[in-house]
Structure formats: structure tokens, C-alpha cells
$ cat input_38.cif   # mmCIF, C-alpha atoms
data_coords
#
loop_
_atom_site.label_atom_id
_atom_site.label_comp_id
_atom_site.auth_asym_id
_atom_site.auth_seq_id
_atom_site.Cartn_x
_atom_site.Cartn_y
_atom_site.Cartn_z
CA MET A 1 -15.93 -28.72 -11.72
CA GLU A 2 -17.62 -27.66 -8.50
CA ASN A 3 -21.39 -27.26 -8.54
CA VAL A 4 -23.04 -24.01 -9.56
CA LYS A 5 -23.75 -21.72 -6.61
CA LEU A 6 -27.22 -20.19 -6.93
CA ALA A 7 -28.76 -17.42 -4.85
CA VAL A 8 -32.57 -17.32 -5.05
CA ILE A 9 -33.40 -13.81 -3.89
CA TYR A 10 -37.02 -12.97 -3.20
CA TYR A 11 -39.24 -10.27 -1.82
CA SER A 12 -42.72 -11.32 -0.72
CA SER A 13 -45.31 -9.59 1.40
CA THR A 14 -47.93 -12.35 1.55
CA GLY A 15 -46.11 -15.46 0.32
CA THR A 16 -46.54 -15.87 -3.44
CA ASN A 17 -42.99 -15.00 -4.40
CA TYR A 18 -41.62 -16.94 -1.45
CA GLN A 19 -43.41 -20.04 -2.76
CA MET A 20 -41.98 -19.44 -6.23
CA ALA A 21 -38.52 -19.06 -4.68
CA LYS A 22 -38.91 -22.42 -2.93
CA TRP A 23 -39.94 -24.09 -6.20
CA ALA A 24 -36.89 -22.53 -7.85
CA GLU A 25 -34.76 -23.98 -5.06
CA GLU A 26 -36.20 -27.45 -5.74
CA GLY A 27 -35.60 -27.15 -9.48
CA ALA A 28 -32.03 -25.93 -9.02
CA LYS A 29 -31.15 -28.63 -6.51
CA ALA A 30 -32.47 -31.22 -8.97
CA ALA A 31 -29.88 -29.79 -11.37
CA SER A 32 -27.18 -30.30 -8.69
CA ALA A 33 -26.78 -26.65 -7.74
CA GLU A 34 -25.80 -25.41 -4.30
CA VAL A 35 -28.67 -23.10 -3.37
CA LYS A 36 -29.31 -20.31 -0.89
CA VAL A 37 -32.84 -18.87 -0.54
CA LEU A 38 -32.55 -15.29 0.69
CA LYS A 39 -35.05 -12.53 1.37
CA VAL A 40 -34.70 -8.85 0.55
CA PRO A 41 -34.76 -6.77 3.76
CA GLU A 42 -38.18 -5.33 4.61
CA THR A 43 -38.28 -1.54 4.73
CA ALA A 44 -42.02 -0.99 5.17
CA PRO A 45 -43.08 0.49 8.51
CA GLN A 46 -44.32 -2.01 11.07
CA SER A 47 -47.67 -0.22 11.14
CA ALA A 48 -48.21 -1.03 7.45
CA ILE A 49 -47.33 -4.69 8.01
CA ASP A 50 -49.57 -4.92 11.08
CA SER A 51 -52.51 -3.46 9.14
CA ASN A 52 -52.51 -6.45 6.75
CA PRO A 53 -53.04 -9.79 8.53
CA ALA A 54 -51.68 -11.84 5.61
CA TRP A 55 -48.56 -9.70 5.39
CA LYS A 56 -47.99 -9.85 9.14
CA ALA A 57 -48.45 -13.64 9.15
CA HIS A 58 -45.98 -14.12 6.30
CA VAL A 59 -43.34 -11.97 8.00
CA GLU A 60 -43.69 -14.16 11.10
CA GLU A 61 -43.58 -17.40 9.07
CA THR A 62 -40.34 -16.45 7.30
CA LYS A 63 -38.45 -15.00 10.28
CA SER A 64 -35.80 -17.70 9.97
CA VAL A 65 -35.04 -17.02 6.28
CA PRO A 66 -31.72 -15.13 6.07
CA GLU A 67 -31.63 -11.67 4.53
CA VAL A 68 -29.56 -11.26 1.39
CA THR A 69 -26.22 -9.47 1.70
CA LEU A 70 -23.68 -8.20 -0.81
CA ASN A 71 -21.49 -11.16 0.14
CA ASP A 72 -24.21 -13.48 -1.20
CA LEU A 73 -24.10 -11.75 -4.57
CA GLU A 74 -20.34 -12.15 -4.74
CA TRP A 75 -20.62 -15.83 -3.70
CA ALA A 76 -23.18 -16.74 -6.35
CA ASP A 77 -22.47 -17.93 -9.89
CA ALA A 78 -26.14 -17.43 -10.70
CA ILE A 79 -29.04 -15.43 -9.23
CA ILE A 80 -32.78 -15.90 -9.58
CA PHE A 81 -35.03 -13.07 -8.42
CA SER A 82 -38.63 -13.70 -7.37
CA ILE A 83 -40.40 -10.38 -6.81
CA PRO A 84 -43.92 -8.98 -7.09
CA THR A 85 -44.85 -6.07 -9.32
CA ARG A 86 -45.57 -2.60 -7.95
CA PHE A 87 -47.21 -0.37 -10.55
CA GLY A 88 -45.34 -2.18 -13.33
CA ASN A 89 -42.00 -1.96 -11.59
CA MET A 90 -39.99 -3.70 -8.90
CA PRO A 91 -40.89 -3.09 -5.23
CA GLY A 92 -39.05 -0.28 -3.48
CA GLN A 93 -37.47 -2.79 -1.11
CA VAL A 94 -35.78 -4.54 -4.05
CA LYS A 95 -34.66 -1.29 -5.67
CA GLN A 96 -33.18 -0.12 -2.38
CA PHE A 97 -31.13 -3.31 -2.10
CA LEU A 98 -29.95 -3.15 -5.72
CA ASP A 99 -28.88 0.44 -5.17
CA THR A 100 -26.35 -0.79 -2.59
CA THR A 101 -24.49 -2.92 -5.15
CA GLY A 102 -22.44 -0.06 -6.61
CA GLY A 103 -19.20 -1.15 -4.94
CA LEU A 104 -19.46 -4.68 -6.30
CA TRP A 105 -20.35 -3.31 -9.74
CA PHE A 106 -17.42 -0.87 -9.70
CA HIS A 107 -14.97 -3.69 -8.99
CA GLY A 108 -16.48 -5.96 -11.67
CA LYS A 109 -17.78 -8.47 -9.14
CA LEU A 110 -21.22 -8.73 -10.76
CA ALA A 111 -20.09 -9.18 -14.35
CA ASN A 112 -20.92 -12.54 -15.94
CA LYS A 113 -23.32 -13.58 -13.19
CA VAL A 114 -26.11 -15.59 -14.80
CA VAL A 115 -29.45 -14.08 -13.79
CA SER A 116 -33.14 -14.74 -14.28
CA ALA A 117 -36.34 -13.34 -12.78
CA MET A 118 -39.92 -14.25 -11.89
CA THR A 119 -42.83 -12.12 -10.75
CA SER A 120 -46.48 -11.98 -9.71
CA ALA A 121 -49.37 -9.54 -9.93
CA GLN A 122 -53.09 -9.42 -9.21
CA ASN A 123 -54.03 -9.83 -12.87
CA ALA A 124 -52.45 -10.97 -16.12
CA HIS A 125 -51.91 -7.41 -17.37
CA GLY A 126 -50.79 -5.98 -14.06
CA GLY A 127 -47.25 -5.21 -15.13
CA GLN A 128 -45.67 -8.65 -14.98
CA GLU A 129 -43.54 -8.34 -18.12
CA ALA A 130 -42.65 -4.72 -17.37
CA THR A 131 -41.45 -5.63 -13.87
CA ILE A 132 -39.11 -8.35 -15.12
CA LEU A 133 -37.75 -6.12 -17.87
CA ALA A 134 -37.19 -3.29 -15.38
CA LEU A 135 -35.16 -5.64 -13.19
CA TYR A 136 -33.20 -6.84 -16.22
CA THR A 137 -32.20 -3.23 -16.96
CA THR A 138 -30.16 -3.25 -13.76
CA MET A 139 -28.74 -6.65 -14.68
CA HIS A 140 -27.48 -5.28 -18.01
CA HIS A 141 -25.68 -2.51 -16.12
CA TRP A 142 -24.08 -5.17 -13.94
CA GLY A 143 -22.78 -6.94 -17.04
CA ALA A 144 -24.76 -10.00 -15.99
CA LEU A 145 -25.96 -12.62 -18.47
CA VAL A 146 -29.74 -12.89 -18.58
CA ALA A 147 -31.04 -16.47 -18.88
CA SER A 148 -34.68 -15.90 -19.69
CA PRO A 149 -36.77 -19.05 -20.19
CA GLY A 150 -38.07 -18.01 -23.59
CA TYR A 151 -40.10 -20.88 -25.02
CA THR A 152 -37.49 -23.54 -24.34
CA ASP A 153 -40.03 -25.91 -22.78
CA PRO A 154 -43.81 -26.39 -23.27
CA VAL A 155 -44.37 -25.75 -19.54
CA THR A 156 -43.95 -22.04 -20.27
CA PHE A 157 -47.19 -22.02 -22.26
CA ALA A 158 -49.12 -23.77 -19.51
CA ALA A 159 -47.91 -21.12 -17.06
CA GLY A 160 -49.17 -18.19 -19.15
CA GLY A 161 -46.45 -17.94 -21.78
CA ASN A 162 -44.18 -15.19 -20.42
CA PRO A 163 -40.81 -15.58 -22.22
CA TYR A 164 -39.00 -13.08 -19.97
CA GLY A 165 -39.56 -15.09 -16.80
CA THR A 166 -42.30 -17.06 -15.09
CA SER A 167 -45.14 -14.86 -13.90
CA VAL A 168 -48.34 -15.67 -12.09
CA SER A 169 -51.62 -13.93 -11.36
CA VAL A 170 -52.94 -13.95 -7.80
CA ASP A 171 -56.66 -13.78 -6.97
CA GLN A 172 -58.33 -11.75 -4.24
CA ASN A 173 -57.84 -14.61 -1.80
CA GLY A 174 -54.09 -14.69 -2.38
CA LYS A 175 -54.20 -17.90 -4.43
CA MET A 176 -52.20 -18.39 -7.63
CA VAL A 177 -54.42 -18.53 -10.71
CA GLU A 178 -52.04 -20.28 -13.13
CA ASP A 179 -50.16 -23.48 -12.32
CA VAL A 180 -46.56 -22.26 -12.58
CA GLN A 181 -44.66 -24.79 -10.46
CA ALA A 182 -43.26 -26.72 -13.43
CA ALA A 183 -42.35 -23.51 -15.26
CA VAL A 184 -40.49 -22.15 -12.23
CA LYS A 185 -38.53 -25.39 -11.88
CA HIS A 186 -37.68 -25.38 -15.58
CA GLN A 187 -36.50 -21.77 -15.36
CA ALA A 188 -34.31 -22.61 -12.38
CA LYS A 189 -32.79 -25.64 -14.12
CA ARG A 190 -32.15 -23.59 -17.25
CA THR A 191 -30.46 -20.86 -15.21
CA VAL A 192 -28.21 -23.43 -13.56
CA THR A 193 -27.39 -25.03 -16.93
CA VAL A 194 -26.39 -21.70 -18.48
CA ALA A 195 -24.31 -20.91 -15.38
CA GLU A 196 -22.54 -24.27 -15.82
CA TRP A 197 -21.63 -23.32 -19.40
CA VAL A 198 -20.23 -19.97 -18.22
CA LYS A 199 -18.36 -21.60 -15.33
CA LYS A 200 -16.77 -24.18 -17.68
CA GLY A 201 -15.83 -21.46 -20.14
CA ASN A 202 -14.03 -19.52 -17.40
CA GLN A 203 -11.89 -22.46 -16.29
#
$ encode --input "input_38.cif" --output "C-alpha cells"
Amino acid sequence: MENVKLAVIYYSSTGTNYQMAKWAEEGAKAASAEVKVLKVPETAPQSAIDSNPAWKAHVEETKSVPEVTLNDLEWADAIIFSIPTRFGNMPGQVKQFLDTTGGLWFHGKLANKVVSAMTSAQNAHGGQEATILALYTTMHHWGALVASPGYTDPVTFAAGGNPYGTSVSVDQNGKMVEDVQAAVKHQAKRTVTVAEWVKKGNQ
């Protein structure tokens, strides 16, 4: 059987969710997946980006990261999303991209994709769980199979204990509060493993 193809799709303004996406890439590659790390297209006005030095710097640093396309969704056996929370929901940039997937959905191209999600916020009760669950609502409409980490490994507890997907708090200096690297890698490996089961079952 050929290796699982995983798309790690992220949106990040200052780098937290990009770092989580890179950890997910490492975890998935350790599980022998073929991985693409892809960013959601930025829709914020340049003036807003320029007004925040950290945001502007991150945009420059990740210029070479390819933007996700609908073809990437069709290519992937599995998808991991790494997105920040915005008022307890997904960022507008992510919603705008997901709203372009209607054609793929209509033709059944998103059914049985194995999906999982991670997020970040400025504090532990800043909408982390709500953001992941909001994203999963769209995944259910796709007919995708959600591979949440649950409590399948003790690393989840060390990372804050979110069973829906790894989530991290970020302090005022933009630094992650919890140590979530191991939890992210476990979530990625679990997603790849579940995708392998689905792929085998479809052969």
C-alpha cells in the first residue's frame, strides 16, 4: 500500500500555528506519511499586516510556503488543520477557503478524508475547544472522518488535556505557555494511523 498523503493546512498571523504545523509534519513523517505543509491564503489588508511588526515579519518569513488549493484537498488522504481562534471561531481567512470547497463536496471528493485540528488562543479559556468544534462542523458536512486525539496518550494531559485537538495558550510576548510539541506529534501520528486503516479498508 502506498503511504498516506497528508496535507497540514495552517493559518498563522504571528507564527504559533505555523510552528504547530511543522511539528505535525515531523510527527507524520515519522509515521511514514507523505506530507505537504500549506498555508491558507491571507485576505487581511496589507495595512493591517504592516501595523503589526510580528505579523509582518511572519508573512515575510513564510513567503516560500505554498498556499493551499482545492487540488491539495483532493490529493490528500488525511488533513490536519492548525488555526488560531477568533472570538471562539475559526479565522475568516479559513472560513473563506472552506467556503470554496462546495464543488469538491458536491462530487463526493471530500468524503472519508481523515481530518484532525489544532488551535491556539491567548488564554486557556479563549475559545480553543469551540474553535476546533466549529471547524469539525464543516468536516461533518464533508463526510470526513474526524480523528480527534482524545486521551489516547498521556502527552495530551501534559499539553492541557484538550481531547478535541491539541491547543495551546500564547502569552503577551507570543510565546507558547504549554509544552505541546509531543501532543502535536502524537495527534499527527494518530491521524496518519487512522488514515492508513481507512486506506486499507478501501482497497
$ resolve_selection --input "input_38.cif" --expression "the PyMOL selection byres ((chain A and resi 139) around 12)" --output "ChimeraX atom specification"
/A:78-81,98-99,101,105,110-117,132-138,140-147
$ resolve_selection --input "input_38.cif" --expression "the PyMOL selection byres ((chain A and resi 158) around 9)" --output "PDB file with C-alpha atoms, in the frame of the given file"
ATOM      1  CA  PRO A 154     -43.810 -26.390 -23.270  1.00  0.00           C
ATOM      2  CA  VAL A 155     -44.370 -25.750 -19.540  1.00  0.00           C
ATOM      3  CA  THR A 156     -43.950 -22.040 -20.270  1.00  0.00           C
ATOM      4  CA  PHE A 157     -47.190 -22.020 -22.260  1.00  0.00           C
ATOM      5  CA  ALA A 159     -47.910 -21.120 -17.060  1.00  0.00           C
ATOM      6  CA  GLY A 160     -49.170 -18.190 -19.150  1.00  0.00           C
ATOM      7  CA  GLY A 161     -46.450 -17.940 -21.780  1.00  0.00           C
ATOM      8  CA  GLU A 178     -52.040 -20.280 -13.130  1.00  0.00           C
ATOM      9  CA  ASP A 179     -50.160 -23.480 -12.320  1.00  0.00           C
ATOM     10  CA  VAL A 180     -46.560 -22.260 -12.580  1.00  0.00           C
ATOM     11  CA  ALA A 182     -43.260 -26.720 -13.430  1.00  0.00           C
ATOM     12  CA  ALA A 183     -42.350 -23.510 -15.260  1.00  0.00           C
TER      13      ALA A 183
END
$ resolve_selection --input "input_38.cif" --expression "the PyMOL selection byres ((chain A and resi 189) around 10)" --output "MDAnalysis selection string"
chainID A and resid 24:33 149 183:188 190:195
$ atom_distance --input "input_38.cif" --atom1 "CA of Gly126 in chain A" --atom2 "CA of Asp50 in chain A"
25.2 Å
$ axis_aligned_box --input "input_38.cif" --around "range 101-107 of chain A" --padding-each-side "3 Å" --output "AutoDock Vina command-line options"
--center_x -19.7 --center_y -2.4 --center_z -7.3 --size_x 15.5 --size_y 10.6 --size_z 10.8
$ closest_residue --input "input_38.cif" --among "A:Thr131, A:Asn162, A:Thr14, A:Asn3" --to "His58 in chain A" --atoms "all atoms listed in the file"
A:Thr14
$ closest_residue --input "input_38.cif" --among "A:Val59, A:Val35, A:Ala124, A:Val8" --to "Asp171 in chain A" --atoms "only C-alpha atoms"
A:Ala124
$ residues_around --input "input_38.cif" --residues "Gln128 in chain A" --least-positions-apart "4" --cutoff "9 Å" --atoms "all atoms listed in the file" --output "VMD selection string"
chain A and resid 84 to 85 88 to 89 118 to 121 123 to 124 132 to 133 162 167 to 169
$ atom_distance --input "input_38.cif" --atom1 "CA of Gly127 in chain A" --atom2 "CA of Arg86 in chain A"
7.8 Å
$ residues_near_point --input "input_38.cif" --point "(-37.8, -10.9, -5.3)" --cutoff "6 Å" --atoms "all atoms listed in the file" --output "list in words"
Ile9, Tyr10, Tyr11, Phe81, Ser82 and Ile83 of chain A
$ closest_residue --input "input_38.cif" --among "A:Gln93, A:Gln19, A:Thr69, A:Ser13" --to "Asn52 in chain A" --atoms "only C-alpha atoms"
A:Ser13
$ decode --input "input_38.cif" --residues "range 10-141 of chain A" --atoms "C-alpha atoms" --output "mmCIF file, in the first residue's frame"
data_model
loop_
_atom_site.group_PDB
_atom_site.id
_atom_site.type_symbol
_atom_site.label_atom_id
_atom_site.label_comp_id
_atom_site.auth_asym_id
_atom_site.auth_seq_id
_atom_site.Cartn_x
_atom_site.Cartn_y
_atom_site.Cartn_z
ATOM 1 C CA TYR A 10 -2.468 26.175 8.643
ATOM 2 C CA TYR A 11 -3.310 29.811 9.100
ATOM 3 C CA SER A 12 -0.955 31.844 11.265
ATOM 4 C CA SER A 13 -0.518 35.557 11.701
ATOM 5 C CA THR A 14 2.479 35.565 14.047
ATOM 6 C CA GLY A 15 3.833 32.018 13.872
ATOM 7 C CA THR A 16 2.280 29.843 16.592
ATOM 8 C CA ASN A 17 0.120 27.746 14.298
ATOM 9 C CA TYR A 18 2.875 27.548 11.722
ATOM 10 C CA GLN A 19 5.152 26.035 14.378
ATOM 11 C CA MET A 20 2.439 23.542 15.323
ATOM 12 C CA ALA A 21 2.032 22.666 11.639
ATOM 13 C CA LYS A 22 5.772 21.975 11.373
ATOM 14 C CA TRP A 23 5.648 19.706 14.432
ATOM 15 C CA ALA A 24 2.696 17.892 12.864
ATOM 16 C CA GLU A 25 4.780 17.445 9.717
ATOM 17 C CA GLU A 26 7.584 15.879 11.775
ATOM 18 C CA GLY A 27 5.198 13.539 13.568
ATOM 19 C CA ALA A 28 3.502 12.460 10.348
ATOM 20 C CA LYS A 29 6.774 11.852 8.529
ATOM 21 C CA ALA A 30 7.902 9.689 11.456
ATOM 22 C CA ALA A 31 4.777 7.629 10.722
ATOM 23 C CA SER A 32 5.894 7.337 7.062
ATOM 24 C CA ALA A 33 3.358 9.763 5.609
ATOM 25 C CA GLU A 34 3.936 11.902 2.539
ATOM 26 C CA VAL A 35 3.341 15.430 3.835
ATOM 27 C CA LYS A 36 2.589 18.841 2.379
ATOM 28 C CA VAL A 37 2.564 21.906 4.669
ATOM 29 C CA LEU A 38 0.269 24.518 3.143
ATOM 30 C CA LYS A 39 -0.919 27.939 4.240
ATOM 31 C CA VAL A 40 -4.400 29.388 3.917
ATOM 32 C CA PRO A 41 -4.351 32.480 1.670
ATOM 33 C CA GLU A 42 -4.137 35.770 3.563
ATOM 34 C CA THR A 43 -7.095 38.077 2.992
ATOM 35 C CA ALA A 44 -6.293 40.811 5.529
ATOM 36 C CA PRO A 45 -5.424 44.205 4.061
ATOM 37 C CA GLN A 46 -1.722 44.965 3.820
ATOM 38 C CA SER A 47 -2.228 47.968 6.096
ATOM 39 C CA ALA A 48 -3.394 45.672 8.904
ATOM 40 C CA ILE A 49 -0.393 43.385 8.437
ATOM 41 C CA ASP A 50 2.024 46.323 8.312
ATOM 42 C CA SER A 51 0.600 47.726 11.554
ATOM 43 C CA ASN A 52 1.736 44.625 13.485
ATOM 44 C CA PRO A 53 5.511 44.036 13.299
ATOM 45 C CA ALA A 54 5.233 40.379 14.366
ATOM 46 C CA TRP A 55 2.568 39.682 11.759
ATOM 47 C CA LYS A 56 4.527 41.448 9.034
ATOM 48 C CA ALA A 57 7.698 39.532 9.955
ATOM 49 C CA HIS A 58 5.909 36.183 9.880
ATOM 50 C CA VAL A 59 4.383 36.878 6.462
ATOM 51 C CA GLU A 60 7.883 37.611 5.156
ATOM 52 C CA GLU A 61 9.372 34.513 6.809
ATOM 53 C CA THR A 62 6.800 32.169 5.256
ATOM 54 C CA LYS A 63 6.718 33.633 1.742
ATOM 55 C CA SER A 64 8.015 30.374 0.295
ATOM 56 C CA VAL A 65 5.298 28.195 1.875
ATOM 57 C CA PRO A 66 2.786 27.248 -0.835
ATOM 58 C CA GLU A 67 -0.840 28.293 -0.482
ATOM 59 C CA VAL A 68 -3.397 25.521 -0.205
ATOM 60 C CA THR A 69 -5.568 24.808 -3.249
ATOM 61 C CA LEU A 70 -8.597 22.624 -3.857
ATOM 62 C CA ASN A 71 -6.304 20.201 -5.685
ATOM 63 C CA ASP A 72 -4.423 19.661 -2.410
ATOM 64 C CA LEU A 73 -7.635 18.634 -0.670
ATOM 65 C CA GLU A 74 -8.413 16.139 -3.413
ATOM 66 C CA TRP A 75 -4.822 14.787 -3.279
ATOM 67 C CA ALA A 76 -4.828 14.197 0.470
ATOM 68 C CA ASP A 77 -5.941 11.058 2.287
ATOM 69 C CA ALA A 78 -5.795 12.989 5.539
ATOM 70 C CA ILE A 79 -5.845 16.658 6.573
ATOM 71 C CA ILE A 80 -4.650 18.344 9.745
ATOM 72 C CA PHE A 81 -5.701 21.942 10.341
ATOM 73 C CA SER A 82 -3.675 24.264 12.567
ATOM 74 C CA ILE A 83 -5.567 27.513 13.087
ATOM 75 C CA PRO A 84 -5.902 30.190 15.771
ATOM 76 C CA THR A 85 -9.177 31.108 17.423
ATOM 77 C CA ARG A 86 -11.035 34.319 16.605
ATOM 78 C CA PHE A 87 -13.774 35.041 19.141
ATOM 79 C CA GLY A 88 -14.303 31.306 19.684
ATOM 80 C CA ASN A 89 -14.448 30.522 15.995
ATOM 81 C CA MET A 90 -12.157 29.919 13.047
ATOM 82 C CA PRO A 91 -10.453 32.913 11.387
ATOM 83 C CA GLY A 92 -12.269 34.489 8.462
ATOM 84 C CA GLN A 93 -9.412 33.507 6.160
ATOM 85 C CA VAL A 94 -10.026 29.821 6.933
ATOM 86 C CA LYS A 95 -13.794 30.109 6.572
ATOM 87 C CA GLN A 96 -13.380 31.835 3.225
ATOM 88 C CA PHE A 97 -11.214 28.982 1.948
ATOM 89 C CA LEU A 98 -13.586 26.295 3.247
ATOM 90 C CA ASP A 99 -16.466 28.069 1.536
ATOM 91 C CA THR A 100 -14.780 27.400 -1.822
ATOM 92 C CA THR A 101 -14.934 23.618 -1.358
ATOM 93 C CA GLY A 102 -18.557 23.236 -2.472
ATOM 94 C CA GLY A 103 -17.662 21.712 -5.832
ATOM 95 C CA LEU A 104 -15.473 19.032 -4.265
ATOM 96 C CA TRP A 105 -18.168 18.339 -1.664
ATOM 97 C CA PHE A 106 -20.892 18.081 -4.319
ATOM 98 C CA HIS A 107 -18.902 15.456 -6.224
ATOM 99 C CA GLY A 108 -18.108 13.470 -3.063
ATOM 100 C CA LYS A 109 -14.396 14.233 -3.232
ATOM 101 C CA LEU A 110 -14.130 15.136 0.465
ATOM 102 C CA ALA A 111 -15.980 12.140 1.868
ATOM 103 C CA ASN A 112 -13.908 9.763 4.004
ATOM 104 C CA LYS A 113 -10.964 12.137 4.317
ATOM 105 C CA VAL A 114 -9.459 11.651 7.775
ATOM 106 C CA VAL A 115 -9.244 15.027 9.499
ATOM 107 C CA SER A 116 -7.983 16.491 12.747
ATOM 108 C CA ALA A 117 -7.462 20.012 14.086
ATOM 109 C CA MET A 118 -5.288 22.067 16.438
ATOM 110 C CA THR A 119 -5.617 25.634 17.664
ATOM 111 C CA SER A 120 -4.197 28.417 19.817
ATOM 112 C CA ALA A 121 -5.506 31.361 21.820
ATOM 113 C CA GLN A 122 -4.219 33.990 24.226
ATOM 114 C CA ASN A 123 -5.594 32.173 27.273
ATOM 115 C CA ALA A 124 -6.824 28.727 28.231
ATOM 116 C CA HIS A 125 -10.490 29.740 28.046
ATOM 117 C CA GLY A 126 -10.178 31.838 24.921
ATOM 118 C CA GLY A 127 -12.318 29.623 22.727
ATOM 119 C CA GLN A 128 -9.900 26.817 21.935
ATOM 120 C CA GLU A 129 -12.385 23.950 22.182
ATOM 121 C CA ALA A 130 -15.137 25.954 20.484
ATOM 122 C CA THR A 131 -12.857 26.766 17.538
ATOM 123 C CA ILE A 132 -11.962 23.131 16.913
ATOM 124 C CA LEU A 133 -15.589 22.032 17.218
ATOM 125 C CA ALA A 134 -16.685 24.787 14.819
ATOM 126 C CA LEU A 135 -14.178 23.533 12.263
ATOM 127 C CA TYR A 136 -15.350 19.953 12.798
ATOM 128 C CA THR A 137 -18.910 21.030 11.938
ATOM 129 C CA THR A 138 -17.736 21.701 8.385
ATOM 130 C CA MET A 139 -15.874 18.387 8.372
ATOM 131 C CA HIS A 140 -19.082 16.522 9.246
ATOM 132 C CA HIS A 141 -20.780 18.176 6.274
#
